[in-house]
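**Student:** File upload.txt follows (compact mmCIF, C-alpha atoms):
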# COMPACT_ATOMS: atom_id res chain seq x y z
CA MET A 1 -33.30 -24.38 -8.41
CA ARG A 2 -29.86 -24.82 -6.97
CA PHE A 3 -28.33 -23.79 -10.30
CA LYS A 4 -30.50 -20.69 -10.51
CA ARG A 5 -29.46 -19.77 -6.98
CA GLU A 6 -25.80 -20.04 -7.98
CA LEU A 7 -26.43 -17.87 -11.04
CA THR A 8 -28.07 -15.18 -8.94
CA ARG A 9 -25.24 -15.34 -6.44
CA GLY A 10 -22.74 -14.87 -9.26
CA ARG A 11 -24.73 -11.94 -10.58
CA ILE A 12 -24.73 -10.30 -7.13
CA LEU A 13 -20.96 -10.77 -6.84
CA ASP A 14 -20.26 -9.36 -10.31
CA ALA A 15 -22.41 -6.29 -9.69
CA SER A 16 -20.98 -5.75 -6.20
CA TYR A 17 -17.44 -5.92 -7.55
CA LYS A 18 -18.12 -2.80 -9.61
CA LEU A 19 -19.63 -1.01 -6.63
CA PHE A 20 -16.74 -1.85 -4.29
CA ALA A 21 -14.11 -0.94 -6.88
CA ALA A 22 -15.76 2.43 -7.46
CA LYS A 23 -16.78 3.36 -3.91
CA GLY A 24 -14.59 1.38 -1.54
CA PHE A 25 -16.14 -0.80 1.16
CA LYS A 26 -17.61 1.61 3.70
CA GLN A 27 -19.83 3.51 1.33
CA VAL A 28 -21.53 0.52 -0.28
CA THR A 29 -24.89 -0.36 1.27
CA MET A 30 -27.20 -3.31 0.79
CA LYS A 31 -29.60 -0.84 -0.84
CA ASP A 32 -26.94 -0.02 -3.48
CA VAL A 33 -26.61 -3.73 -4.23
CA CYS A 34 -30.42 -4.09 -4.51
CA ASP A 35 -30.54 -1.13 -6.89
CA ILE A 36 -27.78 -2.33 -9.17
CA THR A 37 -29.03 -5.94 -9.30
CA HIS A 38 -32.74 -4.98 -9.44
CA MET A 39 -33.37 -7.32 -6.55
CA SER A 40 -35.74 -6.92 -3.63
CA ARG A 41 -34.30 -6.57 -0.14
CA GLY A 42 -35.72 -9.98 0.78
CA GLY A 43 -34.19 -11.57 -2.30
CA LEU A 44 -30.75 -10.13 -1.63
CA TYR A 45 -30.78 -10.97 2.08
CA SER A 46 -31.66 -14.57 1.28
CA HIS A 47 -28.21 -14.76 -0.33
CA PHE A 48 -26.09 -12.52 1.89
CA PRO A 49 -26.68 -11.11 5.38
CA GLY A 50 -24.68 -7.93 4.70
CA THR A 51 -22.03 -6.18 2.62
CA ALA A 52 -19.20 -7.76 4.63
CA SER A 53 -20.29 -11.25 3.63
CA ILE A 54 -20.67 -10.19 -0.03
CA PHE A 55 -17.19 -8.72 0.11
CA GLU A 56 -15.70 -11.84 1.72
CA ALA A 57 -17.30 -14.06 -0.94
CA LEU A 58 -15.80 -11.74 -3.56
CA LEU A 59 -12.33 -11.99 -2.03
CA GLN A 60 -12.58 -15.79 -1.99
CA GLN A 61 -13.66 -15.79 -5.62
CA ILE A 62 -10.87 -13.46 -6.69
CA SER A 63 -8.17 -15.38 -4.89
CA GLN A 64 -9.34 -18.53 -6.68
CA GLU A 65 -9.98 -17.12 -10.14
CA ASN A 66 -7.85 -14.08 -10.62
CA PHE A 67 -4.61 -15.40 -9.37
CA LEU A 68 -2.97 -17.81 -11.63
CA ASP A 69 -3.27 -21.36 -10.34
CA ILE A 70 0.44 -21.51 -9.55
CA GLU A 71 0.27 -24.86 -7.73
CA GLY A 72 -1.73 -26.36 -10.62
CA GLU A 73 0.79 -25.12 -13.18
CA ILE A 74 3.66 -26.55 -11.15
CA ASP A 75 1.90 -29.94 -11.02
CA LYS A 76 1.46 -29.79 -14.80
CA GLY A 77 5.20 -29.18 -15.17
CA THR A 78 4.85 -25.74 -16.80
CA PRO A 79 8.30 -24.09 -16.84
CA ALA A 80 8.83 -21.80 -13.83
CA THR A 81 9.78 -18.82 -16.01
CA GLU A 82 6.54 -19.17 -17.92
CA ILE A 83 4.50 -19.19 -14.70
CA LEU A 84 6.51 -16.23 -13.41
CA ASN A 85 5.90 -14.21 -16.57
CA SER A 86 2.16 -14.89 -16.48
CA ALA A 87 1.92 -13.95 -12.80
CA LEU A 88 3.87 -10.72 -13.31
CA ALA A 89 1.82 -9.84 -16.41
CA GLN A 90 -1.30 -10.20 -14.29
CA MET A 91 0.17 -7.83 -11.67
CA GLN A 92 1.01 -5.31 -14.37
CA LYS A 93 -2.51 -5.49 -15.79
CA GLU A 94 -4.07 -4.83 -12.43
CA ILE A 95 -1.86 -1.82 -11.81
CA ASP A 96 -2.58 -0.44 -15.29
CA HIS A 97 -6.31 -0.50 -14.46
CA PRO A 98 -6.54 0.94 -10.97
CA GLU A 99 -10.21 1.78 -11.51
CA ASP A 100 -10.97 -1.97 -11.49
CA SER A 101 -8.98 -2.58 -8.35
CA LEU A 102 -10.54 -3.47 -5.01
CA SER A 103 -7.50 -2.19 -3.10
CA ILE A 104 -9.26 0.73 -1.40
CA ALA A 105 -12.23 -1.46 -0.53
CA ILE A 106 -9.90 -4.15 0.86
CA PHE A 107 -8.19 -1.56 2.98
CA GLU A 108 -11.44 -0.18 4.35
CA TYR A 109 -12.85 -3.63 4.92
CA ALA A 110 -9.71 -4.67 6.81
CA GLN A 111 -9.97 -1.67 9.10
CA MET A 112 -13.55 -2.47 10.05
CA ASN A 113 -13.39 -6.23 10.40
CA GLU A 114 -11.45 -9.02 12.03
CA SER A 115 -8.20 -9.54 10.19
CA GLU A 116 -8.62 -13.33 9.79
CA VAL A 117 -9.73 -13.05 6.17
CA MET A 118 -6.78 -10.82 5.26
CA ILE A 119 -4.29 -12.97 7.17
CA ASP A 120 -5.57 -15.97 5.25
CA LEU A 121 -5.36 -14.20 1.87
CA ASN A 122 -1.86 -12.99 2.68
CA ARG A 123 -0.74 -16.45 3.73
CA ARG A 124 -2.09 -18.02 0.55
CA ALA A 125 -0.28 -15.45 -1.59
CA VAL A 126 2.97 -16.07 0.34
CA ASP A 127 2.60 -19.85 -0.09
CA LYS A 128 1.96 -19.61 -3.84
CA TRP A 129 4.94 -17.38 -4.53
CA ALA A 130 7.20 -19.45 -2.28
CA ALA A 131 6.11 -22.63 -4.08
CA LEU A 132 6.91 -21.07 -7.46
CA ILE A 133 10.34 -19.86 -6.40
CA HIS A 134 11.28 -23.19 -4.77
CA TYR A 135 10.12 -24.95 -7.93
CA GLY A 136 12.14 -22.66 -10.22
CA ILE A 137 15.26 -23.14 -8.07
CA LYS A 138 14.76 -26.91 -8.18
CA THR A 139 14.40 -26.99 -11.98
CA GLY A 140 17.47 -24.78 -12.28
CA GLU A 141 15.52 -21.99 -14.02
CA PHE A 142 15.83 -19.56 -11.10
CA LYS A 143 18.83 -18.35 -9.19
CA ASN A 144 19.33 -19.71 -5.71
CA VAL A 145 17.74 -16.68 -4.01
CA ASP A 146 16.60 -16.22 -0.42
CA VAL A 147 13.00 -17.38 -0.93
CA ASP A 148 11.37 -15.55 1.99
CA GLU A 149 13.11 -12.30 1.11
CA THR A 150 12.10 -12.53 -2.54
CA VAL A 151 8.49 -13.33 -1.68
CA SER A 152 8.31 -10.32 0.67
CA LEU A 153 9.81 -8.15 -2.01
CA ILE A 154 7.31 -9.27 -4.66
CA LEU A 155 4.24 -9.05 -2.45
CA TYR A 156 4.88 -5.71 -0.79
CA SER A 157 6.21 -3.84 -3.80
CA TYR A 158 3.11 -5.04 -5.64
CA GLN A 159 0.82 -3.91 -2.81
CA GLY A 160 2.52 -0.53 -2.68
CA LEU A 161 2.13 -0.07 -6.43
CA ARG A 162 -1.48 -1.18 -6.34
CA MET A 163 -2.41 1.24 -3.59
CA TRP A 164 -0.51 4.18 -5.00
CA SER A 165 -1.86 3.66 -8.49
CA ARG A 166 -5.20 4.70 -6.94
CA ILE A 167 -3.72 7.72 -5.20
CA ILE A 168 -1.57 9.33 -7.88
CA PRO A 169 -1.35 9.00 -11.66
CA MET A 170 1.39 6.41 -12.06
CA LYS A 171 3.79 6.33 -14.97
CA LYS A 172 3.50 3.16 -17.01
CA LYS A 173 7.19 2.50 -16.56
CA THR A 174 7.01 2.38 -12.75
CA PRO A 175 5.41 -1.08 -12.48
CA GLU A 176 7.57 -2.19 -15.41
CA GLN A 177 10.69 -1.25 -13.46
CA ILE A 178 9.62 -3.27 -10.46
CA ILE A 179 8.63 -6.28 -12.56
CA ASN A 180 11.95 -6.00 -14.36
CA HIS A 181 13.74 -5.94 -11.01
CA ILE A 182 11.91 -9.05 -9.81
CA LYS A 183 12.78 -10.91 -13.00
CA LYS A 184 16.43 -9.95 -12.63
CA GLN A 185 16.48 -11.39 -9.12
CA LEU A 186 15.16 -14.73 -10.27
CA ILE A 187 16.24 -15.36 -13.84
CA PRO A 188 19.98 -15.92 -14.36
CA MET B 1 1.25 37.16 19.73
CA ARG B 2 2.66 35.66 16.59
CA PHE B 3 4.71 33.24 18.65
CA LYS B 4 1.71 32.21 20.70
CA ARG B 5 -0.24 31.63 17.50
CA GLU B 6 2.49 29.34 16.23
CA LEU B 7 2.49 27.42 19.51
CA THR B 8 -1.25 26.89 19.32
CA ARG B 9 -0.95 25.79 15.72
CA GLY B 10 1.70 23.27 16.71
CA ARG B 11 -0.49 22.00 19.52
CA ILE B 12 -3.41 21.53 17.10
CA LEU B 13 -1.18 19.61 14.70
CA ASP B 14 0.24 17.34 17.41
CA ALA B 15 -3.19 16.52 18.78
CA SER B 16 -4.66 15.99 15.30
CA TYR B 17 -1.85 13.63 14.40
CA LYS B 18 -3.01 11.25 17.12
CA LEU B 19 -6.61 11.51 15.94
CA PHE B 20 -5.79 10.85 12.28
CA ALA B 21 -3.45 7.97 13.12
CA ALA B 22 -6.14 6.33 15.24
CA LYS B 23 -9.25 7.05 13.15
CA GLY B 24 -8.11 7.71 9.60
CA PHE B 25 -9.11 10.88 7.80
CA LYS B 26 -12.84 10.56 7.10
CA GLN B 27 -13.94 9.97 10.65
CA VAL B 28 -12.15 12.92 12.23
CA THR B 29 -14.34 16.00 12.65
CA MET B 30 -13.52 19.56 13.66
CA LYS B 31 -15.46 18.82 16.85
CA ASP B 32 -13.03 15.98 17.66
CA VAL B 33 -10.14 18.40 17.28
CA CYS B 34 -11.87 20.97 19.52
CA ASP B 35 -12.46 18.29 22.15
CA ILE B 36 -8.92 16.97 22.19
CA THR B 37 -7.31 20.44 22.20
CA HIS B 38 -9.89 21.98 24.57
CA MET B 39 -10.38 24.79 22.07
CA SER B 40 -13.56 26.61 21.12
CA ARG B 41 -14.93 26.20 17.60
CA GLY B 42 -14.09 29.86 16.88
CA GLY B 43 -10.55 29.42 18.18
CA LEU B 44 -9.91 26.35 16.05
CA TYR B 45 -11.46 27.83 12.89
CA SER B 46 -9.26 30.92 13.23
CA HIS B 47 -6.34 28.55 12.56
CA PHE B 48 -7.79 26.04 10.11
CA PRO B 49 -10.91 26.11 7.94
CA GLY B 50 -11.41 22.33 8.11
CA THR B 51 -9.87 18.92 8.70
CA ALA B 52 -8.42 18.78 5.16
CA SER B 53 -6.30 21.86 5.81
CA ILE B 54 -5.15 20.51 9.18
CA PHE B 55 -4.20 17.27 7.48
CA GLU B 56 -2.33 19.04 4.67
CA ALA B 57 -0.36 21.12 7.20
CA LEU B 58 0.48 17.88 8.98
CA LEU B 59 1.72 16.24 5.79
CA GLN B 60 3.90 19.25 5.06
CA GLN B 61 5.33 19.14 8.55
CA ILE B 62 6.02 15.41 8.40
CA SER B 63 7.73 15.59 5.05
CA GLN B 64 10.00 18.29 6.43
CA GLU B 65 10.70 16.86 9.87
CA ASN B 66 10.28 13.13 9.75
CA PHE B 67 12.19 12.38 6.66
CA LEU B 68 15.84 12.66 7.07
CA ASP B 69 17.17 15.80 5.42
CA ILE B 70 18.89 13.79 2.71
CA GLU B 71 19.86 16.81 0.60
CA GLY B 72 21.28 18.54 3.70
CA GLU B 73 23.33 15.49 4.64
CA ILE B 74 24.69 15.24 1.10
CA ASP B 75 25.72 18.89 1.21
CA LYS B 76 27.49 18.22 4.52
CA GLY B 77 29.40 15.36 2.90
CA THR B 78 27.97 12.64 5.16
CA PRO B 79 28.88 9.24 3.66
CA ALA B 80 26.10 7.85 1.44
CA THR B 81 25.99 4.53 3.32
CA GLU B 82 25.46 6.38 6.59
CA ILE B 83 22.55 8.38 5.11
CA LEU B 84 21.10 5.19 3.62
CA ASN B 85 21.27 3.35 6.94
CA SER B 86 19.55 6.21 8.78
CA ALA B 87 16.82 6.47 6.16
CA LEU B 88 16.16 2.71 6.21
CA ALA B 89 16.19 2.63 10.03
CA GLN B 90 13.51 5.33 9.94
CA MET B 91 11.42 3.22 7.58
CA GLN B 92 11.80 0.20 9.83
CA LYS B 93 10.76 2.22 12.87
CA GLU B 94 7.60 3.40 11.17
CA ILE B 95 6.63 -0.10 10.11
CA ASP B 96 7.30 -1.44 13.62
CA HIS B 97 4.82 1.12 15.01
CA PRO B 98 1.85 0.94 12.65
CA GLU B 99 -0.40 2.49 15.29
CA ASP B 100 1.49 5.77 14.86
CA SER B 101 1.23 5.68 11.10
CA LEU B 102 -0.92 8.06 9.08
CA SER B 103 -1.08 5.63 6.16
CA ILE B 104 -4.81 4.90 6.39
CA ALA B 105 -5.58 8.59 6.84
CA ILE B 106 -3.40 9.46 3.85
CA PHE B 107 -5.21 6.92 1.77
CA GLU B 108 -8.64 8.21 2.77
CA TYR B 109 -7.60 11.81 2.32
CA ALA B 110 -6.25 11.05 -1.15
CA GLN B 111 -9.51 9.47 -2.19
CA MET B 112 -11.53 12.50 -1.17
CA ASN B 113 -9.31 15.31 -2.36
CA GLU B 114 -7.40 16.55 -5.34
CA SER B 115 -4.26 14.51 -5.75
CA GLU B 116 -1.93 17.54 -6.04
CA VAL B 117 -0.71 17.21 -2.46
CA MET B 118 0.03 13.52 -2.86
CA ILE B 119 1.70 14.00 -6.24
CA ASP B 120 3.92 16.62 -4.66
CA LEU B 121 4.81 14.41 -1.67
CA ASN B 122 5.57 11.51 -3.99
CA ARG B 123 7.77 13.65 -6.21
CA ARG B 124 9.72 14.95 -3.25
CA ALA B 125 10.32 11.42 -1.97
CA VAL B 126 11.44 10.31 -5.44
CA ASP B 127 13.82 13.29 -5.72
CA LYS B 128 15.39 12.67 -2.32
CA TRP B 129 16.06 8.98 -2.90
CA ALA B 130 17.34 9.64 -6.43
CA ALA B 131 19.69 12.32 -5.07
CA LEU B 132 21.05 9.91 -2.46
CA ILE B 133 21.62 7.09 -4.94
CA HIS B 134 23.32 9.37 -7.50
CA TYR B 135 25.50 10.74 -4.71
CA GLY B 136 26.48 7.25 -3.49
CA ILE B 137 27.32 6.14 -7.04
CA LYS B 138 29.43 9.25 -7.50
CA THR B 139 31.39 8.71 -4.28
CA GLY B 140 31.90 5.06 -5.23
CA GLU B 141 30.04 3.81 -2.16
CA PHE B 142 27.08 2.42 -4.13
CA LYS B 143 26.96 0.06 -7.06
CA ASN B 144 26.14 1.55 -10.43
CA VAL B 145 22.44 0.63 -10.25
CA ASP B 146 19.53 1.80 -12.40
CA VAL B 147 18.55 4.79 -10.26
CA ASP B 148 14.88 5.05 -11.30
CA GLU B 149 14.32 1.35 -10.83
CA THR B 150 15.92 1.34 -7.40
CA VAL B 151 13.92 4.38 -6.27
CA SER B 152 10.65 2.73 -7.40
CA LEU B 153 11.62 -0.42 -5.59
CA ILE B 154 12.39 1.39 -2.34
CA LEU B 155 9.33 3.62 -2.36
CA TYR B 156 6.69 1.09 -3.30
CA SER B 157 7.95 -1.81 -1.22
CA TYR B 158 7.99 0.62 1.71
CA GLN B 159 4.45 1.82 0.96
CA GLY B 160 3.22 -1.76 0.64
CA LEU B 161 4.79 -2.69 3.99
CA ARG B 162 3.43 0.41 5.65
CA MET B 163 -0.12 -0.23 4.50
CA TRP B 164 -0.12 -3.93 5.24
CA SER B 165 1.38 -3.46 8.67
CA ARG B 166 -1.97 -1.85 9.50
CA ILE B 167 -3.99 -4.65 7.93
CA ILE B 168 -2.31 -7.79 9.27
CA PRO B 169 0.10 -8.51 12.11
CA MET B 170 3.46 -8.35 10.34
CA LYS B 171 6.46 -10.42 11.33
CA LYS B 172 9.38 -8.31 12.43
CA LYS B 173 11.62 -10.00 9.90
CA THR B 174 9.47 -8.96 6.90
CA PRO B 175 10.57 -5.30 6.81
CA GLU B 176 14.08 -6.46 7.73
CA GLN B 177 14.16 -8.68 4.64
CA ILE B 178 13.16 -5.83 2.38
CA ILE B 179 15.64 -3.42 3.96
CA ASN B 180 18.30 -6.09 3.63
CA HIS B 181 17.41 -6.51 -0.05
CA ILE B 182 17.65 -2.76 -0.68
CA LYS B 183 21.07 -2.61 0.99
CA LYS B 184 22.29 -5.52 -1.12
CA GLN B 185 21.27 -3.69 -4.28
CA LEU B 186 23.24 -0.61 -3.36
CA ILE B 187 26.22 -1.60 -1.24
CA PRO B 188 28.94 -3.63 -3.01
I need this file expressed as structure tokens, please.
**Tutor:**
Amino acid sequence: MRFKRELTRGRILDASYKLFAAKGFKQVTMKDVCDITHMSRGGLYSHFPGTASIFEALLQQISQENFLDIEGEIDKGTPATEILNSALAQMQKEIDHPEDSLSIAIFEYAQMNESEVMIDLNRRAVDKWAALIHYGIKTGEFKNVDVDETVSLILYSYQGLRMWSRIIPMKKKTPEQIINHIKKQLIP
Amino acid sequence: MRFKRELTRGRILDASYKLFAAKGFKQVTMKDVCDITHMSRGGLYSHFPGTASIFEALLQQISQENFLDIEGEIDKGTPATEILNSALAQMQKEIDHPEDSLSIAIFEYAQMNESEVMIDLNRRAVDKWAALIHYGIKTGEFKNVDVDETVSLILYSYQGLRMWSRIIPMKKKTPEQIINHIKKQLIP
């Protein structure tokens, strides 16, 4: 039973992801989620009390799955440049597929809700990137950069790209330029 | 009469700015604008057919007023570093006062409307920054950087900061770090 419950939960999250990516946060209703999952209202509400809690579960899932497990790779001793390249390739992929991005939904959600969830997500992203850069400096693979400055640069240029890739058609070379710039900062 | 019409138009734009900054684009109605300007429906509609056209007029105005007249300063022969410092100080000021920022409204507007206006605004910003960097390289004040890459870096890190300063409480040093990084790229 427990397993089936987890499966259903996963199915709700997968289906909701598509809805939030397409419509943002505000315009998705519990009825939309029922329709797309073919669930009854009672069935859906037994899993989630509202769209905010679905969205929060989705953000948790993404931050665990989507992002590369940077800390795990460091523990395994994967070279810092290899981890960096994978992380930047993931950024590029997300920007190349703005239609799959939750950025508008995240923005709308953040406006309507307490910022705790976003503060936490932001802090985790900062910690991961800082860990990678410290690690690369220690192994001698990265230049001895200002870690805080470089993390800010990576995170906010990425966020800007991600948002704007949903607002205007973005040239493929634009994210490439920024990724190139980040690599130049770090790799001697 | 013409002058009075212009004055009223300016008053509508000023009042609407506050509404859009506070509520975003979607949630502002023509009735809100009537209420805040103490105008009749007929009076307001004789100036603007809807909130989208008020918002577009506002974007035009901002891109003319708010941004430093980089091209004008170049023509006057103002040193490139001086123009750069003013432009970056303006960015910092906007990020330090997220409550005055139209970024959420711009995002919502862009989702609901043709992207022409945003493409045009983006192109103008790109052109201005590129003009400044070319000028600084020519006068020998700036390093011989990759102009496109540096423009992308400036614009998108700024957009990311601007958006996130409305989502999470941002440390004052975060925009400072990015501005510092941009200066280091350009100034030898």
**Student:** May I have the residues of chain A within 7 Å of chain B, counting only C-alpha atoms, written as a PDB file with C-alpha atoms, keeping the file's coordinate frame?
**Tutor:**
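The resulting file, result.pdb, is reproduced below:
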ATOM      1  CA  ALA A 110      -9.710  -4.670   6.810  1.00  0.00           C
ATOM      2  CA  GLN A 111      -9.970  -1.670   9.100  1.00  0.00           C
ATOM      3  CA  SER A 115      -8.200  -9.540  10.190  1.00  0.00           C
ATOM      4  CA  MET A 118      -6.780 -10.820   5.260  1.00  0.00           C
ATOM      5  CA  ILE A 119      -4.290 -12.970   7.170  1.00  0.00           C
ATOM      6  CA  GLU A 149      13.110 -12.300   1.110  1.00  0.00           C
ATOM      7  CA  SER A 152       8.310 -10.320   0.670  1.00  0.00           C
ATOM      8  CA  LEU A 153       9.810  -8.150  -2.010  1.00  0.00           C
ATOM      9  CA  TYR A 156       4.880  -5.710  -0.790  1.00  0.00           C
ATOM     10  CA  SER A 157       6.210  -3.840  -3.800  1.00  0.00           C
ATOM     11  CA  GLN A 159       0.820  -3.910  -2.810  1.00  0.00           C
ATOM     12  CA  GLY A 160       2.520  -0.530  -2.680  1.00  0.00           C
ATOM     13  CA  LEU A 161       2.130  -0.070  -6.430  1.00  0.00           C
ATOM     14  CA  ILE A 167      -3.720   7.720  -5.200  1.00  0.00           C
ATOM     15  CA  ILE A 168      -1.570   9.330  -7.880  1.00  0.00           C
ATOM     16  CA  THR A 174       7.010   2.380 -12.750  1.00  0.00           C
ATOM     17  CA  GLN A 177      10.690  -1.250 -13.460  1.00  0.00           C
ATOM     18  CA  ILE A 178       9.620  -3.270 -10.460  1.00  0.00           C
TER      19      ILE A 178
END
**Student:** Please provide as number ranges by chain all residues within 6 Å of Lys143 of chain A, with the sequence filter that same-chain residues fewer than 2 positions apart are discarded (counting all atoms listed in the file).
**Tutor:** A: 145, 186, 188
**Student:** Output C-alpha atoms of each residue in that selection to a file, as a short mmCIF file (atom, residue, chain, number, x, y, z; two decimals), in the frame of the given file.
**Tutor:**
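To be explicit, this is the file written out as part32.cif:
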data_model
loop_
_atom_site.label_atom_id
_atom_site.label_comp_id
_atom_site.auth_asym_id
_atom_site.auth_seq_id
_atom_site.Cartn_x
_atom_site.Cartn_y
_atom_site.Cartn_z
CA VAL A 145 17.74 -16.68 -4.01
CA LEU A 186 15.16 -14.73 -10.27
CA PRO A 188 19.98 -15.92 -14.36
#
**Student:** For Ala131 of chain B, work out the shell of residues within 9 Å, counting all atoms listed in the file and skipping chain neighbours fewer than 6 positions away, then give it as a ChimeraX atom specification.
**Tutor:** /B:70-71,74
**Student:** Need the shell around Ile62 of chain A: protein/DNA/RNA residues with any atom at most 12 Å away, counting all atoms listed in the file. Skip same-chain ones fewer than 3 positions apart. Format as a PyMOL selection string?
**Tutor:** chain A and resi 13-14+17+55-59+65-69+101-102+121+125
**Student:** So what do you get for atom CA of Leu84 of chain A versus atom CA of Arg123 of chain A, distance-wise?
**Tutor:**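 Atom CA of Leu84 of chain A sits 18.6 Å away from atom CA of Arg123 of chain A.
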**Student:** Which of these, A:Glu141, A:Glu6, A:Asp32, A:Glu99, has the shortest distance to Ile83 of chain A once you count only C-alpha atoms?
**Tutor:** A:Glu141
**Student:** Between B:Ile12, B:Met91, B:Ala52, B:Leu132, which has the minimum distance to Val33 of chain B (counting only C-alpha atoms)?
**Tutor:**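 With only C-alpha atoms as the atom set, the closest residue is B:Ile12.
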**Student:** What is the atom CA of Lys183 of chain A to atom CA of Gln92 of chain A distance in Å?
**Tutor:** 13.1 Å
**Student:** Return the single residue from B:Asn144, B:Ser63, B:Gln90, B:Thr78 that is closest to Arg124 of chain B, with distances computed using only C-alpha atoms.
**Tutor:** B:Ser63
**Student:** Figure out the distance between atom CA of Gln185 of chain B and atom CA of Ile133 of chain B, please, to one decimal in Å.
**Tutor:**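 Distance reported for this atom pair: 10.8 Å.
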